[in-house]
>>> print(open('start.txt').read())   # compact mmCIF, C-alpha atoms
# COMPACT_ATOMS: atom_id res chain seq x y z
CA MET A 24 32.47 -29.99 78.96
CA LYS A 25 33.98 -28.43 75.82
CA ILE A 26 33.81 -31.76 73.99
CA LYS A 27 30.13 -32.17 74.90
CA ILE A 28 29.31 -28.71 73.53
CA ILE A 29 31.18 -29.45 70.30
CA LEU A 30 29.43 -32.80 69.92
CA ILE A 31 26.01 -31.20 70.54
CA VAL A 32 26.69 -28.54 67.88
CA ILE A 33 27.87 -31.21 65.41
CA LEU A 34 24.87 -33.45 66.16
CA ALA A 35 22.49 -30.50 65.78
CA GLY A 36 24.13 -29.71 62.46
CA ILE A 37 23.77 -33.27 61.19
CA VAL A 38 20.11 -33.50 62.27
CA SER A 39 19.39 -30.10 60.77
CA PHE A 40 21.09 -31.03 57.51
CA TRP A 41 19.15 -34.29 57.26
CA LEU A 42 15.80 -32.62 58.06
CA THR A 43 16.32 -29.83 55.57
CA LEU A 44 17.30 -32.31 52.85
CA GLN A 45 13.84 -33.79 53.30
CA ALA A 46 12.28 -30.44 52.42
CA HIS A 47 12.60 -28.60 49.15
CA ALA A 48 15.84 -26.59 49.13
CA SER A 49 15.36 -23.03 47.95
CA ASP A 50 17.94 -20.50 46.84
CA LYS A 51 16.07 -17.62 48.50
CA TYR A 52 18.70 -17.80 51.26
CA TYR A 53 21.40 -16.93 48.75
CA ARG A 54 22.11 -13.19 48.82
CA LYS A 55 24.88 -11.04 47.45
CA GLN A 56 25.99 -8.92 50.45
CA GLY A 57 25.20 -7.75 53.94
CA VAL A 58 26.40 -6.52 57.33
CA SER A 59 27.28 -8.90 60.17
CA ILE A 60 27.45 -8.08 63.90
CA ASP A 61 28.80 -10.75 66.30
CA LEU A 62 29.43 -10.74 70.06
CA GLY A 63 31.07 -13.58 71.91
CA GLY A 64 32.72 -14.62 75.09
CA ARG A 65 33.98 -17.36 77.32
CA THR A 66 35.01 -18.02 80.89
CA ASP A 67 38.12 -19.58 82.42
CA PRO A 68 40.00 -17.57 81.29
CA LEU A 69 37.59 -14.70 80.80
CA ALA A 70 37.48 -13.32 77.26
CA ILE A 71 35.06 -11.16 75.30
CA GLY A 72 35.07 -10.26 71.63
CA GLY A 73 33.01 -8.83 68.85
CA GLU A 74 33.06 -7.72 65.27
CA ILE A 75 31.18 -5.75 62.66
CA SER A 76 31.84 -7.03 59.16
CA ILE A 77 30.83 -6.67 55.56
CA LEU A 78 29.68 -10.04 54.23
CA GLY A 79 29.61 -11.11 50.60
CA GLU A 80 28.68 -14.30 48.79
CA ILE A 81 31.58 -15.32 46.53
CA TYR A 82 29.98 -18.58 45.37
CA ASP A 83 26.69 -20.27 46.10
CA ARG A 84 26.80 -21.10 49.85
CA VAL A 85 30.34 -19.69 50.27
CA SER A 86 30.66 -16.30 51.94
CA PHE A 87 33.58 -14.05 52.78
CA LYS A 88 33.59 -11.44 55.54
CA ALA A 89 35.99 -8.71 56.57
CA GLY A 90 35.65 -6.05 59.23
CA LEU A 91 36.63 -4.41 62.47
CA SER A 92 36.80 -6.37 65.71
CA PHE A 93 37.87 -6.30 69.34
CA LEU A 94 39.16 -8.89 71.77
CA GLY A 95 39.50 -8.48 75.53
CA LEU A 96 41.45 -11.10 77.46
CA GLU A 97 41.60 -11.63 81.23
CA ASN A 98 44.81 -10.19 82.72
CA ASP A 99 45.67 -8.66 79.34
CA ASN A 100 44.82 -5.70 77.19
CA LEU A 101 41.81 -4.82 75.12
CA PHE A 102 42.81 -5.31 71.49
CA GLY A 103 41.17 -3.52 68.58
CA GLY A 104 41.81 -4.80 65.11
CA TYR A 105 40.71 -6.47 61.93
CA THR A 106 39.12 -9.79 61.07
CA MET A 107 38.38 -11.75 57.93
CA GLY A 108 37.01 -15.18 57.26
CA ILE A 109 35.34 -17.55 54.85
CA GLN A 110 32.38 -19.86 55.53
CA TYR A 111 30.69 -22.73 53.71
CA ARG A 112 27.05 -23.40 54.60
CA THR A 113 24.17 -25.55 53.46
CA GLY A 114 21.43 -23.73 51.54
CA HIS A 115 18.55 -24.20 53.96
CA ARG A 116 16.62 -22.14 56.49
CA LEU A 117 18.56 -23.83 59.31
CA SER A 118 22.09 -24.04 57.87
CA PRO A 119 25.08 -25.62 59.57
CA PHE A 120 28.39 -24.13 58.46
CA ILE A 121 32.13 -24.47 58.78
CA GLY A 122 34.65 -21.70 58.35
CA LEU A 123 38.19 -20.43 58.69
CA GLY A 124 39.23 -16.94 59.74
CA ALA A 125 41.97 -14.67 61.04
CA PHE A 126 42.20 -11.79 63.52
CA TYR A 127 44.91 -9.18 64.04
CA GLY A 128 44.68 -6.67 66.85
CA TYR A 129 46.72 -4.24 68.88
CA SER A 130 46.38 -2.33 72.13
CA GLU A 131 47.61 1.16 72.96
CA ARG A 132 48.90 2.92 76.06
CA LYS A 133 49.75 6.52 76.87
CA ASP A 134 53.42 7.44 77.29
CA ASP A 135 55.08 10.63 78.50
CA ALA A 136 55.71 12.95 75.53
CA GLU A 137 57.26 15.99 77.20
CA ASP A 138 60.62 15.66 75.39
CA ASP A 139 59.87 14.37 71.89
CA ASN A 140 59.76 17.73 70.00
CA ILE A 141 56.25 16.98 68.65
CA ASP A 142 52.89 18.65 69.37
CA ASN A 143 51.15 15.38 70.33
CA ASP A 144 47.87 16.91 71.49
CA ASN A 145 47.53 19.36 68.55
CA ASP A 146 47.15 22.45 70.74
CA GLY A 147 49.96 24.45 69.10
CA PHE A 148 52.52 23.85 71.85
CA VAL A 149 55.44 21.41 71.72
CA ASP A 150 56.64 19.41 74.73
CA GLU A 151 54.38 21.00 77.33
CA SER A 152 54.16 19.64 80.87
CA GLY A 153 51.93 16.55 81.10
CA GLU A 154 51.77 16.00 77.33
CA GLU A 155 51.18 12.36 76.39
CA LYS A 156 51.19 10.27 73.22
CA GLU A 157 49.55 6.98 72.37
CA VAL A 158 51.86 4.12 71.45
CA ILE A 159 51.22 0.49 70.55
CA ASP A 160 51.53 -1.54 73.73
CA ASP A 161 50.91 -5.09 72.50
CA THR A 162 49.75 -7.04 69.44
CA ILE A 163 47.98 -10.34 68.95
CA ALA A 164 47.01 -12.40 65.92
CA SER A 165 45.04 -15.59 65.61
CA LEU A 166 43.78 -18.10 63.09
CA TYR A 167 40.53 -19.85 63.87
CA PRO A 168 38.55 -22.76 62.52
CA GLU A 169 34.85 -22.17 63.08
CA ILE A 170 31.70 -24.28 63.25
CA GLY A 171 28.15 -23.10 63.77
CA MET A 172 24.57 -22.73 62.70
CA HIS A 173 22.72 -20.03 60.74
CA PHE A 174 18.97 -19.59 61.20
CA TRP A 175 17.17 -17.50 58.56
CA VAL A 176 14.51 -15.48 60.39
CA THR A 177 13.40 -13.79 57.15
CA ASP A 178 14.76 -13.70 53.59
CA LYS A 179 17.08 -10.85 54.59
CA THR A 180 17.85 -11.55 58.27
CA ARG A 181 19.72 -14.44 59.81
CA LEU A 182 20.89 -15.29 63.30
CA THR A 183 24.15 -17.15 63.84
CA MET A 184 25.53 -19.24 66.69
CA SER A 185 29.16 -20.30 66.36
CA SER A 186 32.27 -21.63 68.08
CA LYS A 187 35.76 -20.51 67.08
CA TYR A 188 39.01 -21.99 68.31
CA GLN A 189 41.45 -19.06 68.49
CA ILE A 190 45.02 -20.23 67.79
CA THR A 191 46.99 -17.18 68.92
CA THR A 192 50.49 -15.79 68.50
CA LYS A 193 50.74 -15.70 72.32
CA GLY A 194 51.52 -19.44 72.43
CA ARG A 195 49.50 -22.62 72.83
CA ASP A 196 48.77 -21.86 76.50
CA HIS A 197 46.78 -18.83 75.30
CA ASP A 198 44.66 -20.61 72.65
CA PHE A 199 40.96 -20.76 73.51
CA TRP A 200 37.39 -21.42 72.38
CA MET A 201 35.15 -18.40 71.76
CA PHE A 202 31.37 -18.85 71.60
CA SER A 203 29.45 -16.20 69.65
CA LEU A 204 25.98 -15.03 68.70
CA GLY A 205 25.43 -12.81 65.71
CA ARG A 206 22.97 -11.19 63.37
CA VAL A 207 23.31 -10.56 59.64
CA ASN A 208 21.19 -8.19 57.57
CA LEU A 209 21.42 -9.10 53.91
CA SER A 210 20.51 -7.21 50.74
CA TYR A 211 19.69 -8.44 47.27
>>> encode(input="start.txt", output="C-alpha cells")
Amino acid sequence: MKIKIILIVILAGIVSFWLTLQAHASDKYYRKQGVSIDLGGRTDPLAIGGEISILGEIYDRVSFKAGLSFLGLENDNLFGGYTMGIQYRTGHRLSPFIGLGAFYGYSERKDDAEDDNIDNDNDGFVDESGEEKEVIDDTIASLYPEIGMHFWVTDKTRLTMSSKYQITTKGRDHDFWMFSLGRVNLSY
C-alpha cells in the first residue's frame, strides 16, 4: 500500500511537471518569505504531527523553513520541538518538490519537588507539600527525506501535500511515513 501511494505521488509529479512545461512558466510563484502551517498523521502505528514555520526563498525554487513542531506517537509521549528543512520545487502553479529536513523534540513529566530546596511553583515557599517540577522525560530526533506537491491557489497562498519518511533516533523499528497537508501564506 505504501509503495502504491509513493508511486501515485511520483506519477502525479511527473505528469504535473510535463503539463506545466507545456505552458508558459512564470516567476510569479517565486516569493521571498512566508508562514507555513502543516498537519499530518498516519496509522499503524498511530502518529500525529504538525508544525508552524517561517519559510524563505534562498534561491529561485529553493526554500528553507524553520519552526516549532510537535509529534505524538502511539504508546509514547507527545514531543514538542523544532524543525527545519529545505525544498526544491518546480516553478509552476502545480509544483512537485523534493526536500530534506530534521526534527528534534522532547517531552516533559512532573516529578515530586518537595525536597529540592527550590521554589518550583514561584509562590514564595520552598519545598511545600505536593510541590512538583517539570523535567525532560524523553527526547527524539529524526531526519526525513520528503516528496510532495504544492498547488498555488493565489499568488500569495499555496496548499501542500507531502510525504516524509521519519528516520528516528529510536531505532529502525520506529521509523515511519508521515503524510501531511499544509498551507503557506507568502509575502512579497
>>> residues_around(input="start.txt", residues="A:Asn98", least_positions_apart="4", cutoff="10 Å", atoms="all atoms listed in the file", output="PyMOL selection string")
chain A and resi 68-70
>>> closest_residue(input="start.txt", among="A:Glu151, A:Asp61, A:Glu157, A:Asp134", to="A:Ser92", atoms="all atoms listed in the file")
A:Asp61
>>> closest_residue(input="start.txt", among="A:Leu62, A:Leu78, A:Met107, A:Ile71", to="A:Val207", atoms="all atoms listed in the file")
A:Leu78
>>> closest_residue(input="start.txt", among="A:Lys88, A:Thr180, A:Val58, A:Phe93", to="A:Gly73", atoms="only C-alpha atoms")
A:Phe93
>>> residues_around(input="start.txt", residues="A:Tyr82", least_positions_apart="2", cutoff="12 Å", atoms="only C-alpha atoms", output="ChimeraX atom specification")
/A:53-56,79-80,84-87,109-112,114
>>> residues_around(input="start.txt", residues="A:Gly72", least_positions_apart="2", cutoff="12 Å", atoms="all atoms listed in the file", output="PyMOL selection string")
chain A and resi 60-65+69-70+74-75+91-97+101-106+126+128+187+189+200-205
>>> atom_distance(input="start.txt", atom1="atom CA of A:Met184", atom2="atom CA of A:Gly124")
15.5 Å
